[in-house]
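*Asks:* My structure file coords_14.tsv, TSV, C-alpha atoms and all ligand atoms, is below:
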```
chain	number	residue	atom	x	y	z
A	1	MET	CA	68.24	70.51	-18.20
A	2	LYS	CA	71.82	69.83	-17.07
A	3	ILE	CA	72.21	66.09	-16.59
A	4	ALA	CA	75.10	63.85	-15.50
A	5	ILE	CA	75.14	60.10	-16.02
A	6	ILE	CA	77.55	58.59	-13.49
A	7	GLY	CA	78.62	55.19	-14.88
A	8	THR	CA	77.86	55.22	-18.59
A	9	GLY	CA	77.73	51.48	-19.31
A	10	ASN	CA	74.96	49.54	-21.08
A	11	LEU	CA	72.05	51.28	-19.39
A	12	GLY	CA	73.78	54.67	-19.14
A	13	LYS	CA	74.50	54.66	-22.90
A	14	SER	CA	70.88	53.74	-23.67
A	15	ILE	CA	69.65	56.62	-21.48
A	16	ALA	CA	72.16	59.00	-23.09
A	17	LYS	CA	70.99	58.05	-26.62
A	18	GLY	CA	67.37	58.58	-25.61
A	19	LEU	CA	68.12	61.92	-23.92
A	20	LEU	CA	70.10	63.20	-26.90
A	21	SER	CA	67.24	62.44	-29.27
A	22	ASN	CA	65.12	65.16	-27.62
A	23	GLN	CA	65.79	68.87	-27.29
A	24	ASP	CA	65.65	69.48	-23.52
A	25	VAL	CA	69.24	68.63	-22.60
A	26	THR	CA	71.50	71.68	-22.22
A	27	SER	CA	74.51	69.66	-21.12
A	28	LEU	CA	75.04	65.94	-20.64
A	29	TYR	CA	78.08	64.78	-18.68
A	30	LEU	CA	78.90	61.12	-19.26
A	31	THR	CA	81.33	59.49	-16.84
A	32	LYS	CA	83.15	56.18	-16.62
A	33	ARG	CA	86.75	55.16	-16.01
A	34	ASN	CA	87.43	53.79	-19.52
A	35	ILE	CA	86.21	56.77	-21.50
A	36	GLN	CA	87.46	55.41	-24.86
A	37	GLU	CA	84.28	53.28	-24.77
A	38	LEU	CA	82.23	56.50	-25.17
A	39	LYS	CA	83.69	57.59	-28.54
A	40	GLU	CA	80.27	57.29	-30.21
A	41	PHE	CA	79.10	60.35	-28.19
A	42	GLU	CA	82.10	62.58	-29.01
A	43	ASP	CA	80.40	64.48	-31.84
A	44	ASN	CA	77.41	65.64	-29.76
A	45	LYS	CA	77.93	69.27	-28.80
A	46	GLN	CA	75.95	68.95	-25.52
A	47	VAL	CA	78.03	65.96	-24.35
A	48	ILE	CA	81.06	66.20	-22.07
A	49	ILE	CA	82.87	62.88	-21.61
A	50	THR	CA	84.94	62.64	-18.45
A	51	GLN	CA	86.35	60.30	-15.79
A	52	ASP	CA	85.71	63.05	-13.24
A	53	ASN	CA	82.47	62.27	-11.37
A	54	ALA	CA	82.95	65.33	-9.12
A	55	LEU	CA	83.08	67.72	-12.10
A	56	ALA	CA	79.99	66.10	-13.63
A	57	ILE	CA	78.05	66.44	-10.36
A	58	GLN	CA	79.07	70.08	-9.82
A	59	LYS	CA	78.05	71.09	-13.35
A	60	SER	CA	74.66	69.29	-13.37
A	61	ASP	CA	71.21	69.55	-11.72
A	62	VAL	CA	70.11	65.98	-12.34
A	63	ILE	CA	72.48	63.16	-11.34
A	64	LEU	CA	71.62	59.80	-12.87
A	65	LEU	CA	73.46	56.92	-11.20
A	66	ALA	CA	73.92	53.92	-13.50
A	67	VAL	CA	76.82	52.02	-11.91
A	68	GLN	CA	76.75	48.43	-10.65
A	69	PRO	CA	75.54	47.98	-7.03
A	70	ALA	CA	79.08	47.10	-5.84
A	71	GLN	CA	80.43	50.48	-7.00
A	72	ALA	CA	77.54	52.57	-5.73
A	73	ALA	CA	78.37	53.09	-2.05
A	74	GLN	CA	81.90	54.47	-2.65
A	75	ILE	CA	80.71	56.73	-5.48
A	76	LEU	CA	77.96	58.13	-3.24
A	77	ILE	CA	80.35	58.67	-0.32
A	78	ASP	CA	82.74	60.57	-2.64
A	79	ALA	CA	79.79	62.58	-4.02
A	80	LYS	CA	78.30	63.53	-0.63
A	81	PRO	CA	80.20	66.84	-0.11
A	82	LEU	CA	79.24	67.97	-3.64
A	83	LEU	CA	75.53	67.15	-3.50
A	84	THR	CA	73.04	69.87	-2.57
A	85	LYS	CA	69.28	69.94	-1.88
A	86	ASN	CA	68.84	71.32	-5.42
A	87	HIS	CA	70.22	68.19	-7.05
A	88	SER	CA	67.76	65.54	-8.21
A	89	ILE	CA	69.54	62.25	-7.58
A	90	ILE	CA	68.06	59.48	-9.70
A	91	SER	CA	69.39	55.98	-9.06
A	92	THR	CA	68.80	53.16	-11.52
A	93	ILE	CA	70.81	50.72	-9.41
A	94	THR	CA	68.87	47.48	-8.96
A	95	GLY	CA	68.22	46.50	-5.35
A	96	PHE	CA	69.95	49.57	-3.89
A	97	SER	CA	67.35	50.99	-1.52
A	98	ILE	CA	66.54	54.62	-0.77
A	99	ALA	CA	67.63	53.90	2.84
A	100	ALA	CA	71.06	52.72	1.58
A	101	ILE	CA	71.45	55.85	-0.57
A	102	GLU	CA	70.37	58.09	2.34
A	103	HIS	CA	72.89	56.27	4.54
A	104	SER	CA	75.68	57.43	2.18
A	105	ILE	CA	74.54	60.98	1.31
A	106	GLY	CA	71.99	61.96	3.98
A	107	GLN	CA	68.19	62.13	4.22
A	108	ASP	CA	68.03	65.80	3.24
A	109	LYS	CA	68.75	65.08	-0.45
A	110	ALA	CA	66.11	64.50	-3.14
A	111	ILE	CA	66.49	60.82	-3.97
A	112	ILE	CA	64.51	59.04	-6.67
A	113	ARG	CA	64.84	55.40	-7.67
A	114	ALA	CA	64.09	54.54	-11.28
A	115	MET	CA	63.70	51.08	-12.80
A	116	PRO	CA	63.87	51.50	-16.59
A	117	ASN	CA	64.55	48.83	-19.18
A	118	THR	CA	66.87	48.71	-22.20
A	119	ALA	CA	64.06	49.86	-24.54
A	120	ILE	CA	64.99	53.30	-23.20
A	121	ALA	CA	67.48	53.47	-26.12
A	122	VAL	CA	64.54	53.62	-28.55
A	123	GLY	CA	62.28	55.79	-26.38
A	124	LYS	CA	60.03	52.90	-25.32
A	125	SER	CA	61.03	52.12	-21.73
A	126	MET	CA	58.42	51.32	-19.09
A	127	THR	CA	60.07	52.97	-16.09
A	128	CYS	CA	58.88	52.66	-12.49
A	129	LEU	CA	59.74	55.47	-10.07
A	130	CYS	CA	59.71	55.97	-6.29
A	131	SER	CA	61.30	58.57	-4.02
A	132	ASN	CA	62.15	59.62	-0.48
A	133	THR	CA	60.29	62.51	1.17
A	134	GLN	CA	62.62	65.19	-0.28
A	135	GLY	CA	62.43	63.50	-3.69
A	136	LYS	CA	58.63	63.95	-3.89
A	137	GLN	CA	59.23	67.59	-4.90
A	138	HIS	CA	61.65	66.47	-7.64
A	139	ILE	CA	59.81	63.42	-8.97
A	140	LYS	CA	58.17	65.51	-11.72
A	141	ILE	CA	61.68	66.07	-13.13
A	142	ALA	CA	62.22	62.30	-13.25
A	143	GLU	CA	58.78	61.83	-14.82
A	144	THR	CA	59.59	64.42	-17.49
A	145	ILE	CA	62.86	62.65	-18.32
A	146	PHE	CA	61.44	59.13	-18.39
A	147	ASN	CA	58.19	60.08	-20.16
A	148	GLN	CA	60.35	61.43	-22.98
A	149	LEU	CA	62.05	58.02	-23.02
A	150	GLY	CA	58.86	55.96	-22.92
A	151	HIS	CA	56.34	55.75	-20.07
A	152	SER	CA	56.70	56.09	-16.31
A	153	LEU	CA	54.67	55.00	-13.30
A	154	GLN	CA	55.11	56.04	-9.66
A	155	ILE	CA	55.00	53.05	-7.31
A	156	PRO	CA	55.78	52.46	-3.60
A	157	GLU	CA	59.41	51.42	-3.02
A	158	PRO	CA	58.53	47.87	-1.80
A	159	GLN	CA	57.19	47.15	-5.33
A	160	MET	CA	60.51	47.97	-7.01
A	161	GLN	CA	61.68	44.32	-6.93
A	162	ALA	CA	58.52	43.19	-8.69
A	163	ALA	CA	58.87	46.05	-11.18
A	164	THR	CA	62.42	44.85	-11.94
A	165	VAL	CA	61.06	41.43	-12.92
A	166	VAL	CA	58.10	42.69	-14.94
A	167	CYS	CA	59.83	45.57	-16.75
A	168	ALA	CA	63.64	45.05	-16.79
A	169	SER	CA	63.75	41.22	-16.98
A	170	GLY	CA	60.51	41.53	-18.94
A	171	ILE	CA	62.48	42.59	-22.02
A	172	ALA	CA	64.18	39.16	-22.02
A	173	PHE	CA	60.85	37.36	-21.50
A	174	TRP	CA	59.25	39.18	-24.43
A	175	MET	CA	62.30	38.51	-26.64
A	176	ARG	CA	61.85	34.76	-26.05
A	177	LEU	CA	58.15	34.97	-26.92
A	178	ILE	CA	58.99	36.82	-30.13
A	179	ARG	CA	61.77	34.33	-30.93
A	180	ALA	CA	59.41	31.37	-30.40
A	181	THR	CA	56.84	32.99	-32.71
A	182	THR	CA	59.61	33.49	-35.29
A	183	GLN	CA	60.60	29.81	-35.07
A	184	ALA	CA	56.98	28.78	-35.58
A	185	ALA	CA	56.66	31.09	-38.60
A	186	ILE	CA	59.78	29.51	-40.16
A	187	GLN	CA	58.27	26.06	-39.64
A	188	LEU	CA	55.11	27.33	-41.36
A	189	GLY	CA	57.14	28.31	-44.44
A	190	PHE	CA	58.53	31.85	-44.06
A	191	ASP	CA	62.23	32.57	-44.37
A	192	ALA	CA	64.00	33.73	-41.20
A	193	GLU	CA	63.93	37.45	-42.00
A	194	GLU	CA	60.26	37.44	-43.00
A	195	ALA	CA	59.38	35.32	-39.95
A	196	GLN	CA	60.98	37.82	-37.56
A	197	GLN	CA	59.19	40.73	-39.24
A	198	LEU	CA	55.84	38.95	-38.86
A	199	ALA	CA	56.56	38.20	-35.19
A	200	MET	CA	57.87	41.69	-34.27
A	201	TYR	CA	55.19	43.73	-35.95
A	202	THR	CA	52.34	41.45	-34.85
A	203	SER	CA	53.45	41.78	-31.20
A	204	GLU	CA	53.81	45.55	-31.65
A	205	GLY	CA	50.30	45.66	-33.14
A	206	ALA	CA	48.83	43.60	-30.29
A	207	ALA	CA	50.33	45.91	-27.65
A	208	SER	CA	49.22	49.01	-29.62
A	209	LEU	CA	45.62	47.71	-29.75
A	210	LEU	CA	45.55	47.46	-25.95
A	211	ILE	CA	47.22	50.84	-25.46
A	212	GLN	CA	44.99	52.72	-27.91
A	213	ASN	CA	41.69	50.91	-27.37
A	214	LYS	CA	42.17	50.64	-23.58
A	215	ARG	CA	40.60	47.16	-23.66
A	216	HIS	CA	41.35	43.94	-21.78
A	217	PRO	CA	43.40	41.36	-23.79
A	218	GLU	CA	40.48	38.91	-23.72
A	219	GLN	CA	38.23	41.44	-25.49
A	220	GLU	CA	40.76	41.64	-28.35
A	221	ILE	CA	41.05	37.82	-28.35
A	222	ASP	CA	37.25	37.49	-28.63
A	223	ARG	CA	37.38	39.67	-31.78
A	224	VAL	CA	39.71	37.21	-33.57
A	225	THR	CA	38.41	33.85	-32.35
A	226	THR	CA	35.70	32.36	-34.57
A	227	PRO	CA	33.77	29.48	-32.91
A	228	LYS	CA	35.37	26.18	-33.98
A	229	GLY	CA	38.03	28.23	-35.81
A	230	CYS	CA	41.81	27.99	-36.10
A	231	THR	CA	42.67	30.71	-33.51
A	232	ILE	CA	40.81	29.10	-30.60
A	233	GLU	CA	42.23	25.71	-31.64
A	234	GLY	CA	45.77	27.11	-31.43
A	235	LEU	CA	45.15	29.11	-28.22
A	236	ASN	CA	43.64	26.17	-26.36
A	237	GLU	CA	46.49	23.89	-27.44
A	238	MET	CA	48.99	26.48	-26.10
A	239	GLU	CA	47.09	26.65	-22.79
A	240	HIS	CA	46.94	22.82	-22.53
A	241	LYS	CA	50.74	22.95	-22.82
A	242	GLY	CA	50.88	25.59	-20.04
A	243	LEU	CA	51.51	28.92	-21.84
A	244	SER	CA	49.96	31.26	-19.23
A	245	SER	CA	50.98	29.04	-16.34
A	246	SER	CA	54.64	28.84	-17.39
A	247	LEU	CA	54.85	32.60	-17.89
A	248	ILE	CA	53.38	33.27	-14.46
A	249	GLN	CA	55.57	30.63	-12.78
A	250	GLY	CA	58.68	31.94	-14.55
A	251	MET	CA	58.04	35.49	-13.38
A	252	VAL	CA	57.33	34.35	-9.81
A	253	ALA	CA	60.62	32.33	-9.89
A	254	SER	CA	62.43	35.44	-11.11
A	255	PHE	CA	60.86	37.46	-8.27
A	256	ASN	CA	61.85	34.82	-5.68
A	257	LYS	CA	65.42	34.88	-7.07
A	258	ILE	CA	65.72	38.67	-6.92
A	259	ASN	CA	64.60	38.58	-3.28
A	260	THR	CA	67.19	35.88	-2.50
A	261	ILE	CA	69.94	37.92	-4.18
A	262	LYS	CA	68.93	40.93	-2.08
A	263	LYS	CA	69.10	38.92	1.19
A	264	GLU	CA	72.57	37.58	0.19
A	265	GLN	CA	73.75	41.18	-0.28
A	266	LEU	CA	72.56	42.27	3.20
B	301	LIG	N1	70.73	46.88	-18.06
B	301	LIG	C1	69.46	46.97	-17.67
B	301	LIG	O1	68.51	46.57	-18.33
B	301	LIG	C2	69.14	47.64	-16.35
B	301	LIG	C3	67.80	47.98	-16.09
B	301	LIG	C4	67.51	48.63	-14.91
B	301	LIG	C5	68.53	48.90	-14.00
B	301	LIG	N2	69.82	48.54	-14.26
B	301	LIG	C6	70.87	48.88	-13.29
B	301	LIG	O2	71.69	49.86	-13.88
B	301	LIG	C7	73.02	49.76	-13.38
B	301	LIG	C8	73.98	49.72	-14.55
B	301	LIG	O3	73.73	48.54	-15.32
B	301	LIG	P1	74.53	48.28	-16.66
B	301	LIG	O4	74.00	47.04	-17.25
B	301	LIG	O5	74.54	49.52	-17.46
B	301	LIG	O6	76.02	48.04	-16.06
B	301	LIG	P2	77.42	48.31	-16.74
B	301	LIG	O7	77.33	48.12	-18.21
B	301	LIG	O8	78.42	47.51	-15.98
B	301	LIG	O9	77.68	49.87	-16.48
B	301	LIG	C9	78.22	50.38	-15.32
B	301	LIG	C10	79.29	51.37	-15.73
B	301	LIG	O10	79.78	52.02	-14.57
B	301	LIG	C11	81.10	52.43	-14.86
B	301	LIG	N3	81.81	52.68	-13.61
B	301	LIG	C12	82.28	51.78	-12.72
B	301	LIG	N4	82.89	52.41	-11.70
B	301	LIG	C13	82.78	53.73	-11.95
B	301	LIG	C14	83.21	54.89	-11.27
B	301	LIG	N5	83.89	54.83	-10.12
B	301	LIG	N6	82.92	56.10	-11.81
B	301	LIG	C15	82.26	56.20	-12.98
B	301	LIG	N7	81.83	55.13	-13.68
B	301	LIG	C16	82.09	53.92	-13.16
B	301	LIG	C17	81.68	51.26	-15.66
B	301	LIG	O11	82.64	51.69	-16.60
B	301	LIG	P3	84.20	51.74	-16.24
B	301	LIG	O12	84.58	50.39	-15.77
B	301	LIG	O13	84.82	52.16	-17.52
B	301	LIG	O14	84.34	52.78	-15.17
B	301	LIG	C18	80.47	50.72	-16.41
B	301	LIG	O15	80.48	51.07	-17.77
B	301	LIG	C19	73.08	48.50	-12.53
B	301	LIG	O16	73.06	48.87	-11.17
B	301	LIG	C20	71.82	47.75	-12.92
B	301	LIG	O17	71.34	47.03	-11.84
B	301	LIG	C21	70.15	47.94	-15.43
```
Give the structure from the file, written as structure tokens.
*Replies:*
Amino acid sequence: MKIAIIGTGNLGKSIAKGLLSNQDVTSLYLTKRNIQELKEFEDNKQVIITQDNALAIQKSDVILLAVQPAQAAQILIDAKPLLTKNHSIISTITGFSIAAIEHSIGQDKAIIRAMPNTAIAVGKSMTCLCSNTQGKQHIKIAETIFNQLGHSLQIPEPQMQAATVVCASGIAFWMRLIRATTQAAIQLGFDAEEAQQLAMYTSEGAASLLIQNKRHPEQEIDRVTTPKGCTIEGLNEMEHKGLSSSLIQGMVASFNKINTIKKEQL
């Protein structure tokens, strides 16, 4: 696969690292204006680092857009004469609709929107995908890329805002939960390094149980809660203090905010 990442910043670098850790990439063009920030990729023989978006587009089949929303429209307008129906155009730009992309480059191009998260750098991103009509024939290409970098799920475009909260902001929410668990473990007598290990690997184990056993979380909770025992005592205390409720309210607040930001941009 010949891939170009247009705008290799935080997310673009994470995608590049993930892509380079598997064998399918024939060439990987990485673009940005300040290319000295891409020195870490210089030794990869498949990688071509350039400021020239046009060159990257012409030499690639899959164009991954990872610039900020404010830069997107001009980059797409400049790219329009170079883009063909054979290109798969995958945009990771938050809140930038398929209609807005079509407005810049035309409806006849295969456009896919992807909402990954930063765990893409370690091959563990949950990435949501949607496409325009032309993009439906190319979405398998996007699935192949993002399934090698974690998991992907096709969703309707109107759900992309919610997916941003659950999956992209979700990384921050989970980090806070893991940090809080670490703080509790320190209070219970572990040193900081041990406490973080206990928190990280226990959360990884909990998620793995659900993934592999395909069970509901409550079924796994039932297996570790003895009547009158310490687990149910702790869980109920957490719920009295609003654990589930505060998580749900926080995510709904995040969703309301993302919708407000979108309206302000219109
Ligand atoms: N971070 C996440 O978790 C995440 C998750 C999902 C989606 N997203 C979306 O992904 C996009 C990128 O996010 P980010 O956090 O990676 O932003 P970022 O770090 O600011 O990266 C954007 C990059 O675009 C480059 N750029 C700007 N103008 C350019 C141009 N004309 N040609 C080529 N490159 C150009 C910038 O580098 P130079 O200034 O050197 O050109 C910059 O490194 C955003 O739209 C964001 O909404 C991010």
*Asks:* Which protein, DNA or RNA residues have an atom at most 7 Å from (65.5, 60.1, 1.0), counting all atoms listed in the file? List them as a list in words.
*Replies:*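 Returned residue set, sorted by chain then number, is Ile98, Ala99, Glu102, Gln107, Asp108, Lys109, Ala110, Ile111, Ser131, Asn132, Thr133, Gln134 and Gly135 of chain A.
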*Asks:* Considering all atoms listed in the file, give me a table of residues in stretch 140-197 of chain A that are at most 10 Å from stretch 2-25 of chain A, with the closest atom pair and distance in Å for each, as CSV.
*Replies:*
```
residue,atom,partner,partner_atom,distance
A:Thr144,CA,A:Asp24,CA,9.9
A:Ile145,CA,A:Leu19,CA,7.7
A:Phe146,CA,A:Leu19,CA,9.1
A:Gln148,CA,A:Asn22,CA,7.6
A:Leu149,CA,A:Gly18,CA,5.9
A:Gly150,CA,A:Gly18,CA,9.3
```
*Asks:* Kindly provide, as a PyMOL selection string, all nucleotide and amino acid residues lying within 8 Å of ligand LIG 301 (chain B), counting only C-alpha atoms and all ligand atoms.
*Replies:* chain A and resi 6-13+31-35+37+51-53+65-69+71-72+74-75+92-96+114-118+164+168-169
*Asks:* Suppose you want the space between atom CA of A:Val224 and atom CA of A:Ser208; what is it in Å?
*Replies:*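 Going from atom CA of A:Val224 over to atom CA of A:Ser208, I get 15.7 Å.
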*Asks:* Please list as JSON, numbers by chain every residue within 10 Å of A:Pro81, counting all atoms listed in the file and excluding residues in the same chain fewer than 5 positions away.
*Replies:* {"A": [54, 76, 105]}
*Asks:* What does the distance between atom CA of A:Gln58 and atom CA of A:Ile120 come to in Å, to one decimal place?
*Replies:*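 Computing the Euclidean distance for atom CA of A:Gln58 and atom CA of A:Ile120 yields 25.7 Å.
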*Asks:* If I take atom CA of A:Cys128 and atom CA of A:Ile155, how far is one from the other in Å, to one decimal?
*Replies:*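 Atom CA of A:Cys128 sits 6.5 Å away from atom CA of A:Ile155.
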*Asks:* Between A:Gln159, A:Ser125, A:Ser246, A:Ser104, single out the one closest to A:Asn259, counting only C-alpha atoms.
*Replies:*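 Ranking A:Gln159, A:Ser125, A:Ser246, A:Ser104 by distance to A:Asn259, first place goes to A:Gln159.
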